[in-house]
file target-v9.cif (mmCIF, C-alpha atoms)
data_protein
#
loop_
_atom_site.label_atom_id
_atom_site.label_comp_id
_atom_site.auth_asym_id
_atom_site.auth_seq_id
_atom_site.Cartn_x
_atom_site.Cartn_y
_atom_site.Cartn_z
CA MET A 1 -5.20 -24.57 15.15
CA ASN A 2 -6.67 -21.14 15.67
CA THR A 3 -6.87 -18.74 12.78
CA LEU A 4 -4.80 -15.61 13.34
CA ILE A 5 -6.51 -12.36 12.37
CA ILE A 6 -4.13 -9.43 12.05
CA VAL A 7 -6.32 -6.34 12.48
CA ALA A 8 -4.96 -2.99 11.32
CA HIS A 9 -7.23 -0.01 11.94
CA PRO A 10 -5.84 3.37 13.08
CA ASP A 11 -8.97 4.03 15.15
CA LEU A 12 -10.68 0.72 15.77
CA GLU A 13 -12.74 1.96 18.71
CA ASN A 14 -14.48 4.53 16.52
CA SER A 15 -14.74 2.34 13.47
CA VAL A 16 -18.00 0.75 12.43
CA VAL A 17 -17.44 -2.31 10.30
CA ASN A 18 -14.05 -3.39 11.62
CA LYS A 19 -15.10 -2.97 15.27
CA ARG A 20 -18.21 -5.06 14.70
CA TRP A 21 -16.19 -7.77 12.98
CA VAL A 22 -13.73 -7.89 15.86
CA GLU A 23 -16.58 -8.19 18.37
CA GLU A 24 -17.90 -11.17 16.46
CA LEU A 25 -14.50 -12.85 16.23
CA ARG A 26 -13.90 -12.39 19.95
CA LYS A 27 -17.01 -14.40 20.77
CA PHE A 28 -15.05 -17.49 19.72
CA PRO A 29 -11.58 -17.24 21.27
CA ASP A 30 -11.02 -20.95 20.80
CA GLN A 31 -11.24 -20.49 17.04
CA TYR A 32 -9.81 -17.07 16.30
CA THR A 33 -6.95 -15.03 17.70
CA VAL A 34 -7.51 -11.32 17.11
CA HIS A 35 -4.24 -9.38 17.01
CA ASP A 36 -4.85 -5.62 17.00
CA LEU A 37 -1.68 -4.08 15.52
CA HIS A 38 -2.34 -0.50 16.58
CA GLU A 39 -3.04 -1.63 20.14
CA ALA A 40 0.08 -3.80 20.22
CA TYR A 41 2.36 -1.15 18.70
CA PRO A 42 1.07 2.35 19.45
CA ASP A 43 4.51 3.75 18.63
CA GLY A 44 4.56 1.92 15.30
CA ARG A 45 7.66 -0.12 16.18
CA ILE A 46 6.85 -3.70 15.32
CA ASP A 47 8.48 -6.61 17.13
CA ALA A 48 9.12 -8.77 14.08
CA ASP A 49 10.32 -11.76 16.07
CA ARG A 50 7.17 -11.76 18.21
CA GLU A 51 5.02 -11.47 15.10
CA GLN A 52 6.76 -14.34 13.39
CA ARG A 53 6.31 -16.57 16.45
CA LEU A 54 2.63 -15.58 16.52
CA VAL A 55 2.10 -16.61 12.91
CA GLU A 56 3.97 -19.87 13.49
CA ALA A 57 1.74 -20.68 16.47
CA HIS A 58 -1.37 -20.45 14.31
CA GLY A 59 -2.85 -22.09 11.25
CA ASN A 60 -4.68 -19.91 8.77
CA LEU A 61 -3.83 -16.23 8.54
CA ALA A 62 -6.14 -13.33 7.69
CA LEU A 63 -5.34 -9.63 7.37
CA GLN A 64 -8.28 -7.39 8.27
CA PHE A 65 -8.25 -3.66 7.49
CA PRO A 66 -10.22 -0.71 6.17
CA ILE A 67 -9.26 0.38 2.68
CA TYR A 68 -8.01 3.95 2.73
CA TRP A 69 -6.85 5.33 -0.58
CA PHE A 70 -7.30 1.96 -2.23
CA ASN A 71 -4.65 0.45 0.02
CA CYS A 72 -4.00 -0.75 3.56
CA PRO A 73 -3.18 1.42 6.59
CA PRO A 74 0.54 2.24 6.89
CA LEU A 75 1.09 0.06 9.95
CA LEU A 76 -0.03 -3.05 8.09
CA LYS A 77 2.37 -2.26 5.26
CA LYS A 78 5.09 -1.92 7.91
CA TRP A 79 4.07 -5.29 9.30
CA LEU A 80 4.55 -6.87 5.88
CA ASP A 81 7.94 -5.17 5.41
CA ASP A 82 9.21 -6.03 8.90
CA VAL A 83 7.78 -9.52 9.38
CA LEU A 84 7.98 -11.15 5.94
CA THR A 85 11.74 -11.44 5.97
CA TYR A 86 14.16 -13.40 3.85
CA GLY A 87 14.80 -16.73 5.50
CA TRP A 88 11.41 -16.72 7.16
CA ALA A 89 8.72 -15.88 4.60
CA TYR A 90 10.73 -16.63 1.47
CA GLY A 91 14.19 -17.61 0.31
CA SER A 92 16.42 -20.37 1.47
CA ASN A 93 17.39 -21.16 5.07
CA GLY A 94 13.88 -21.61 6.39
CA GLY A 95 11.93 -19.15 4.27
CA ASP A 96 8.92 -21.39 4.20
CA LYS A 97 6.80 -20.17 7.09
CA LEU A 98 3.92 -19.13 4.83
CA LEU A 99 4.32 -22.06 2.45
CA ASN A 100 0.87 -23.50 1.70
CA ARG A 101 -0.57 -21.58 4.65
CA LYS A 102 -4.15 -20.56 3.90
CA THR A 103 -4.28 -16.78 3.81
CA ALA A 104 -7.01 -14.25 3.11
CA LEU A 105 -8.00 -10.61 3.41
CA ALA A 106 -11.04 -9.03 5.03
CA VAL A 107 -11.61 -5.40 4.11
CA SER A 108 -14.14 -2.64 4.55
CA ALA A 109 -14.21 -0.95 1.19
CA GLY A 110 -16.20 2.21 1.80
CA ILE A 111 -16.97 2.82 -1.84
CA LYS A 112 -20.02 1.04 -3.22
CA GLU A 113 -19.46 -2.11 -5.20
CA SER A 114 -20.70 -0.69 -8.50
CA ASP A 115 -17.85 1.80 -8.54
CA TYR A 116 -15.35 -1.05 -8.35
CA ARG A 117 -15.85 -2.18 -11.93
CA PRO A 118 -14.01 -1.57 -15.19
CA GLU A 119 -16.87 0.70 -16.25
CA GLY A 120 -17.27 2.16 -12.77
CA ARG A 121 -15.96 5.32 -11.23
CA TYR A 122 -12.66 3.78 -10.15
CA ARG A 123 -12.12 1.41 -13.09
CA TYR A 124 -10.68 -1.42 -11.06
CA THR A 125 -12.35 -4.24 -9.21
CA LEU A 126 -11.56 -4.69 -5.55
CA GLY A 127 -9.64 -7.83 -6.49
CA GLN A 128 -7.45 -5.73 -8.77
CA ILE A 129 -6.95 -3.09 -6.10
CA LEU A 130 -5.84 -5.84 -3.71
CA ALA A 131 -3.36 -7.35 -6.20
CA PRO A 132 -0.31 -6.22 -4.17
CA PHE A 133 -1.43 -8.37 -1.25
CA GLU A 134 -2.29 -11.35 -3.44
CA SER A 135 1.14 -11.01 -5.08
CA THR A 136 2.87 -10.83 -1.71
CA PHE A 137 1.25 -14.07 -0.58
CA ARG A 138 2.03 -15.67 -3.93
CA TYR A 139 5.67 -14.60 -3.60
CA CYS A 140 5.77 -16.40 -0.25
CA ARG A 141 4.05 -19.46 -1.79
CA ALA A 142 1.13 -19.15 0.60
CA ASP A 143 -2.26 -20.50 -0.37
CA TYR A 144 -4.10 -17.23 -0.97
CA ARG A 145 -7.87 -17.73 -0.69
CA SER A 146 -9.32 -14.42 -1.83
CA HIS A 147 -10.90 -11.59 0.13
CA PHE A 148 -14.08 -10.84 2.06
CA ALA A 149 -15.41 -7.32 1.64
CA TYR A 150 -17.93 -4.96 3.11
CA TYR A 151 -18.73 -2.33 0.51
CA GLY A 152 -20.07 1.13 1.21
CA THR A 153 -23.76 1.80 0.86
CA GLU A 154 -23.49 5.31 -0.50
CA GLY A 155 -21.95 6.69 -3.65
CA GLU A 156 -20.59 10.04 -2.65
CA PRO A 157 -16.84 10.56 -2.63
CA GLY A 158 -15.26 10.52 0.77
CA GLU A 159 -16.16 7.15 2.19
CA ASN A 160 -12.92 5.58 1.14
CA VAL A 161 -10.65 7.65 3.32
CA PRO A 162 -9.77 7.76 7.02
CA GLY A 163 -12.64 8.40 9.38
CA GLN A 164 -15.27 8.37 6.68
CA GLU A 165 -16.87 5.00 7.22
CA ASN A 166 -20.60 5.13 6.77
CA GLU A 167 -22.94 3.99 9.47
CA PRO A 168 -24.78 1.06 8.01
CA ALA A 169 -28.03 -0.39 9.28
CA SER A 170 -27.30 -2.67 12.22
CA ASN A 171 -28.90 -5.67 10.55
CA LEU A 172 -26.57 -5.28 7.55
CA LEU A 173 -23.65 -5.10 9.90
CA ASP A 174 -24.76 -8.14 11.88
CA ARG A 175 -25.21 -10.10 8.71
CA SER A 176 -21.77 -9.12 7.42
CA ALA A 177 -20.22 -10.21 10.73
CA ARG A 178 -21.79 -13.65 10.41
CA GLN A 179 -20.77 -13.91 6.76
CA TYR A 180 -17.25 -12.87 7.68
CA LEU A 181 -16.89 -15.69 10.19
CA HIS A 182 -18.33 -18.09 7.64
CA PHE A 183 -15.73 -16.88 5.15
CA ILE A 184 -12.93 -17.41 7.66
CA ASP A 185 -14.22 -20.87 8.55
CA SER A 186 -14.38 -21.84 4.89
CA LEU A 187 -10.81 -21.01 3.98
CA MET B 188 6.85 26.15 -11.33
CA ASN B 189 9.17 23.53 -9.94
CA THR B 190 8.11 19.92 -9.94
CA LEU B 191 7.80 18.48 -6.44
CA ILE B 192 9.29 15.02 -6.00
CA ILE B 193 8.16 13.28 -2.82
CA VAL B 194 10.83 10.65 -2.14
CA ALA B 195 10.01 7.81 0.24
CA HIS B 196 12.84 5.38 0.90
CA PRO B 197 13.48 3.93 4.38
CA ASP B 198 17.24 3.87 3.73
CA LEU B 199 17.98 6.27 0.90
CA GLU B 200 21.67 6.57 1.70
CA ASN B 201 22.21 2.87 1.14
CA SER B 202 19.87 2.56 -1.79
CA VAL B 203 21.12 2.25 -5.33
CA VAL B 204 18.51 3.35 -7.83
CA ASN B 205 16.65 5.87 -5.69
CA LYS B 206 19.83 7.50 -4.42
CA ARG B 207 21.18 7.88 -7.94
CA TRP B 208 17.89 9.38 -9.11
CA VAL B 209 17.92 11.90 -6.27
CA GLU B 210 21.49 12.89 -7.11
CA GLU B 211 20.43 13.59 -10.68
CA LEU B 212 17.36 15.61 -9.63
CA ARG B 213 19.46 17.71 -7.23
CA LYS B 214 21.67 18.88 -10.08
CA PHE B 215 18.77 21.05 -11.20
CA PRO B 216 17.34 22.75 -8.11
CA ASP B 217 15.63 25.38 -10.24
CA GLN B 218 13.52 22.66 -11.84
CA TYR B 219 12.93 20.04 -9.17
CA THR B 220 12.32 20.14 -5.43
CA VAL B 221 13.32 16.88 -3.80
CA HIS B 222 11.43 16.25 -0.56
CA ASP B 223 12.87 13.29 1.34
CA LEU B 224 10.06 12.09 3.62
CA HIS B 225 12.19 9.90 5.87
CA GLU B 226 14.67 12.73 6.39
CA ALA B 227 11.87 15.21 7.11
CA TYR B 228 9.98 12.93 9.47
CA PRO B 229 12.34 10.45 11.15
CA ASP B 230 9.70 9.83 13.82
CA GLY B 231 7.03 9.15 11.20
CA ARG B 232 4.83 12.03 12.34
CA ILE B 233 3.90 13.95 9.22
CA ASP B 234 3.10 17.67 9.33
CA ALA B 235 0.11 17.59 7.01
CA ASP B 236 -0.28 21.36 6.86
CA ARG B 237 3.36 21.80 5.84
CA GLU B 238 2.99 19.11 3.21
CA GLN B 239 -0.13 20.67 1.76
CA ARG B 240 1.56 24.08 1.53
CA LEU B 241 4.51 22.42 -0.19
CA VAL B 242 2.31 20.81 -2.83
CA GLU B 243 0.44 24.09 -3.37
CA ALA B 244 3.75 25.93 -3.90
CA HIS B 245 4.67 23.60 -6.75
CA GLY B 246 3.32 22.53 -10.12
CA ASN B 247 3.63 18.91 -11.10
CA LEU B 248 3.87 16.25 -8.42
CA ALA B 249 5.77 12.96 -8.52
CA LEU B 250 5.98 10.24 -5.91
CA GLN B 251 9.28 8.31 -5.99
CA PHE B 252 9.75 5.09 -4.06
CA PRO B 253 11.12 1.57 -4.13
CA ILE B 254 8.49 -1.14 -4.45
CA TYR B 255 8.58 -3.42 -1.44
CA TRP B 256 6.00 -6.17 -1.39
CA PHE B 257 4.35 -4.79 -4.49
CA ASN B 258 3.48 -1.57 -2.70
CA CYS B 259 4.97 1.66 -1.38
CA PRO B 260 6.90 2.12 1.90
CA PRO B 261 4.63 2.69 4.93
CA LEU B 262 5.61 6.34 5.35
CA LEU B 263 4.40 7.21 1.87
CA LYS B 264 1.07 5.54 2.58
CA LYS B 265 0.89 7.61 5.76
CA TRP B 266 1.62 10.72 3.69
CA LEU B 267 -1.34 9.91 1.45
CA ASP B 268 -3.62 9.28 4.44
CA ASP B 269 -2.53 12.39 6.34
CA VAL B 270 -2.14 14.89 3.51
CA LEU B 271 -4.91 14.06 1.05
CA THR B 272 -7.69 15.29 3.30
CA TYR B 273 -11.32 16.11 2.66
CA GLY B 274 -11.61 19.77 1.78
CA TRP B 275 -8.10 19.88 0.40
CA ALA B 276 -7.57 16.96 -2.00
CA TYR B 277 -11.24 16.15 -2.65
CA GLY B 278 -14.73 17.09 -1.54
CA SER B 279 -16.34 20.46 -1.25
CA ASN B 280 -14.93 23.51 0.55
CA GLY B 281 -11.68 23.70 -1.36
CA GLY B 282 -10.98 20.05 -2.10
CA ASP B 283 -9.45 20.86 -5.44
CA LYS B 284 -5.74 21.14 -4.72
CA LEU B 285 -4.86 18.22 -6.95
CA LEU B 286 -7.47 19.06 -9.60
CA ASN B 287 -5.84 18.74 -13.03
CA ARG B 288 -2.40 18.73 -11.41
CA LYS B 289 -0.04 16.56 -13.43
CA THR B 290 1.01 13.65 -11.25
CA ALA B 291 3.21 10.62 -11.77
CA LEU B 292 5.08 7.82 -10.04
CA ALA B 293 8.73 6.82 -10.26
CA VAL B 294 9.54 3.40 -8.85
CA SER B 295 12.37 0.96 -8.56
CA ALA B 296 10.73 -2.37 -9.14
CA GLY B 297 13.39 -4.88 -8.20
CA ILE B 298 11.81 -7.76 -10.02
CA LYS B 299 12.62 -8.09 -13.70
CA GLU B 300 10.09 -6.81 -16.18
CA SER B 301 9.26 -10.22 -17.65
CA ASP B 302 7.86 -11.35 -14.30
CA TYR B 303 5.41 -8.44 -14.34
CA ARG B 304 3.17 -9.93 -17.00
CA PRO B 305 -0.09 -11.89 -16.97
CA GLU B 306 1.90 -15.00 -17.89
CA GLY B 307 4.82 -14.04 -15.65
CA ARG B 308 5.75 -15.11 -12.17
CA TYR B 309 3.62 -12.44 -10.48
CA ARG B 310 0.73 -12.33 -12.97
CA TYR B 311 0.22 -8.59 -12.83
CA THR B 312 1.85 -5.81 -14.78
CA LEU B 313 3.49 -3.02 -12.85
CA GLY B 314 0.66 -0.74 -13.96
CA GLN B 315 -1.80 -3.11 -12.34
CA ILE B 316 0.27 -3.32 -9.18
CA LEU B 317 0.25 0.49 -9.03
CA ALA B 318 -3.52 0.75 -9.53
CA PRO B 319 -4.12 1.97 -5.94
CA PHE B 320 -2.01 5.07 -6.62
CA GLU B 321 -3.60 5.72 -10.00
CA SER B 322 -7.04 5.37 -8.37
CA THR B 323 -6.07 7.77 -5.58
CA PHE B 324 -5.03 10.42 -8.08
CA ARG B 325 -8.17 9.78 -10.11
CA TYR B 326 -10.31 10.16 -6.98
CA CYS B 327 -8.71 13.58 -6.46
CA ARG B 328 -9.26 14.45 -10.14
CA ALA B 329 -5.55 14.91 -10.71
CA ASP B 330 -4.11 14.41 -14.18
CA TYR B 331 -2.29 11.12 -13.63
CA ARG B 332 0.45 10.65 -16.22
CA SER B 333 1.67 7.11 -15.66
CA HIS B 334 4.82 5.78 -14.03
CA PHE B 335 8.53 5.54 -14.69
CA ALA B 336 10.16 2.31 -13.58
CA TYR B 337 13.55 0.78 -13.09
CA TYR B 338 13.17 -2.97 -13.22
CA GLY B 339 15.52 -5.46 -11.66
CA THR B 340 18.12 -7.11 -13.77
CA GLU B 341 18.06 -10.49 -12.10
CA GLY B 342 15.33 -13.04 -11.76
CA GLU B 343 15.90 -14.53 -8.36
CA PRO B 344 13.33 -13.92 -5.66
CA GLY B 345 14.35 -11.44 -3.06
CA GLU B 346 14.97 -8.25 -4.98
CA ASN B 347 11.54 -6.91 -4.34
CA VAL B 348 11.84 -6.53 -0.63
CA PRO B 349 13.58 -4.11 1.72
CA GLY B 350 17.32 -3.92 1.38
CA GLN B 351 17.49 -6.24 -1.57
CA GLU B 352 18.12 -3.83 -4.41
CA ASN B 353 20.58 -5.20 -6.91
CA GLU B 354 23.68 -3.29 -7.85
CA PRO B 355 23.24 -2.52 -11.52
CA ALA B 356 25.99 -1.54 -13.92
CA SER B 357 26.74 2.15 -13.46
CA ASN B 358 26.03 2.93 -17.09
CA LEU B 359 22.54 1.44 -16.77
CA LEU B 360 21.99 3.53 -13.68
CA ASP B 361 23.22 6.71 -15.33
CA ARG B 362 21.00 6.09 -18.30
CA SER B 363 17.96 5.50 -16.09
CA ALA B 364 18.67 8.75 -14.23
CA ARG B 365 18.68 10.71 -17.49
CA GLN B 366 15.54 8.93 -18.68
CA TYR B 367 13.86 9.66 -15.37
CA LEU B 368 14.46 13.40 -15.70
CA HIS B 369 13.23 13.25 -19.27
CA PHE B 370 10.08 11.51 -18.03
CA ILE B 371 9.53 14.18 -15.38
CA ASP B 372 10.10 16.96 -17.91
CA SER B 373 7.61 15.40 -20.32
CA LEU B 374 4.68 15.16 -17.94
#

call {"tool": "encode", "arguments": {"input": "target-v9.cif", "output": "structure tokens"}}
result
Amino acid sequence: MNTLIIVAHPDLENSVVNKRWVEELRKFPDQYTVHDLHEAYPDGRIDADREQRLVEAHGNLALQFPIYWFNCPPLLKKWLDDVLTYGWAYGSNGGDKLLNRKTALAVSAGIKESDYRPEGRYRYTLGQILAPFESTFRYCRADYRSHFAYYGTEGEPGENVPGQENEPASNLLDRSARQYLHFIDSL
Amino acid sequence: MNTLIIVAHPDLENSVVNKRWVEELRKFPDQYTVHDLHEAYPDGRIDADREQRLVEAHGNLALQFPIYWFNCPPLLKKWLDDVLTYGWAYGSNGGDKLLNRKTALAVSAGIKESDYRPEGRYRYTLGQILAPFESTFRYCRADYRSHFAYYGTEGEPGENVPGQENEPASNLLDRSARQYLHFIDSL
């Protein structure tokens, strides 16, 4: 079954890393289904039933997003709140739709990797910053398989917030796109 | 100066802990300004300029919210993305509006405290779950002063998601409201 990639970027067209990743995924429509949340719901009103059917029609599930303020874009949080309902994602009466489903994250991190260390500028590793998502999948008894990240290449403050993605060298970007697909294929 | 409390609850009127906390805060309007985000922006479109002026007109800043899926409601994340802009919250050209400002979180956690431990059901402490908010304040060089929490009193899954707050004994709730104000006063 295809892997479903939920993409949440408030301005995908003008993004750098996330746009490139989506381009790469779309080369293989028989393997990956790219679901652009902001395109599907420009008014922010999520059709939870449609989303649940979409997840059920796929195998593995990945959430792809840029990290703004050490967290996901608001629309992805809304997706989690609206779609992961009692009786579907957890609880009795059929709350098993994520049970043992392989899940993962793919994030553009902006900040350089060395700042994401206990002794670094932001004290926490990216894995620690992403703990809320890991915990959500764990709550739903999904098989969470870690995250793929593209870190920033510069150290100045500002890259971790909306619209501040750095322009990386195209070869770095191409390589990350290939590594990303490899990560997805290896879940 | 008054302390500004940004309250983000998708259904405050039907909430238990957050509603009670707001009632307590509103008894002392000369000390606390309660700003209900969902009431102010029912369409989800945040007036960033208004919000920035509001923060500037106050002293300490607290963000109050229920934890759904180990994270804040979407509208609060949008507030962070829209309001904490370059040149205001960080960066050059005036990005010092949170500099040394005492900041804190107040959260209803749903899940019982014993599950928020390395050996507990969800592996992470609440402090670890809230790391993205701490990191955001640190990025803006605010003086982050920790969090106040109301944990759930039951251990069954389900209390940590929208609409699943437990009804606690009223004396517990009253006590937490007094402790909350004490926490805010002690920042």

call {"tool": "interface_residues", "arguments": {"input": "target-v9.cif", "of": "chain A", "to": "chain B", "cutoff": "6 Å", "atoms": "only C-alpha atoms", "output": "number ranges by chain"}}
result
A: 69-70, 74, 77-78, 129, 132, 136

call {"tool": "calpha_fit_rmsd", "arguments": {"input": "target-v9.cif", "fixed": "chain B", "moving": "chain A"}}
result
0.0 Å

call {"tool": "closest_atom_pairs", "arguments": {"input": "target-v9.cif", "of": "range 37-61 of chain A", "to": "range 142-151 of chain A", "cutoff": "12 Å", "atoms": "all atoms listed in the file", "output": "CSV"}}
result
residue,atom,partner,partner_atom,distance
A:Gly59,CA,A:Asp143,CA,11.7
A:Asn60,CA,A:Asp143,CA,9.5
A:Leu61,CA,A:Tyr144,CA,9.6

call {"tool": "resolve_selection", "arguments": {"input": "target-v9.cif", "expression": "the PyMOL selection byres ((chain B and resi 294) around 7)", "output": "number ranges by chain"}}
result
B: 251-254, 292-293, 295-296, 335-337

call {"tool": "resolve_selection", "arguments": {"input": "target-v9.cif", "expression": "the PyMOL selection byres ((chain B and resi 357-371) around 8)", "output": "ChimeraX atom specification"}}
result
/B:204,207-208,211-212,249,293,335,337,355-356,372-374

call {"tool": "residues_near_point", "arguments": {"input": "target-v9.cif", "point": "(11.6, 16.8, 0.8)", "cutoff": "10 Å", "atoms": "all atoms listed in the file", "output": "list in words"}}
result
Leu191, Ile192, Ile193, Val194, Ala195, Thr220, Val221, His222, Asp223, Leu224, His225, Glu226, Ala227, Tyr228, Glu238 and Leu241 of chain B

call {"tool": "residues_near_point", "arguments": {"input": "target-v9.cif", "point": "(-6.9, -20.8, 19.6)", "cutoff": "9 Å", "atoms": "only C-alpha atoms", "output": "list in words"}}
result
Met1, Asn2, Thr3, Leu4, Phe28, Pro29, Asp30, Gln31, Tyr32, Thr33 and His58 of chain A

call {"tool": "atom_distance", "arguments": {"input": "target-v9.cif", "atom1": "CA of Pro118 in chain A", "atom2": "CA of Gly152 in chain A"}}
result
17.7 Å
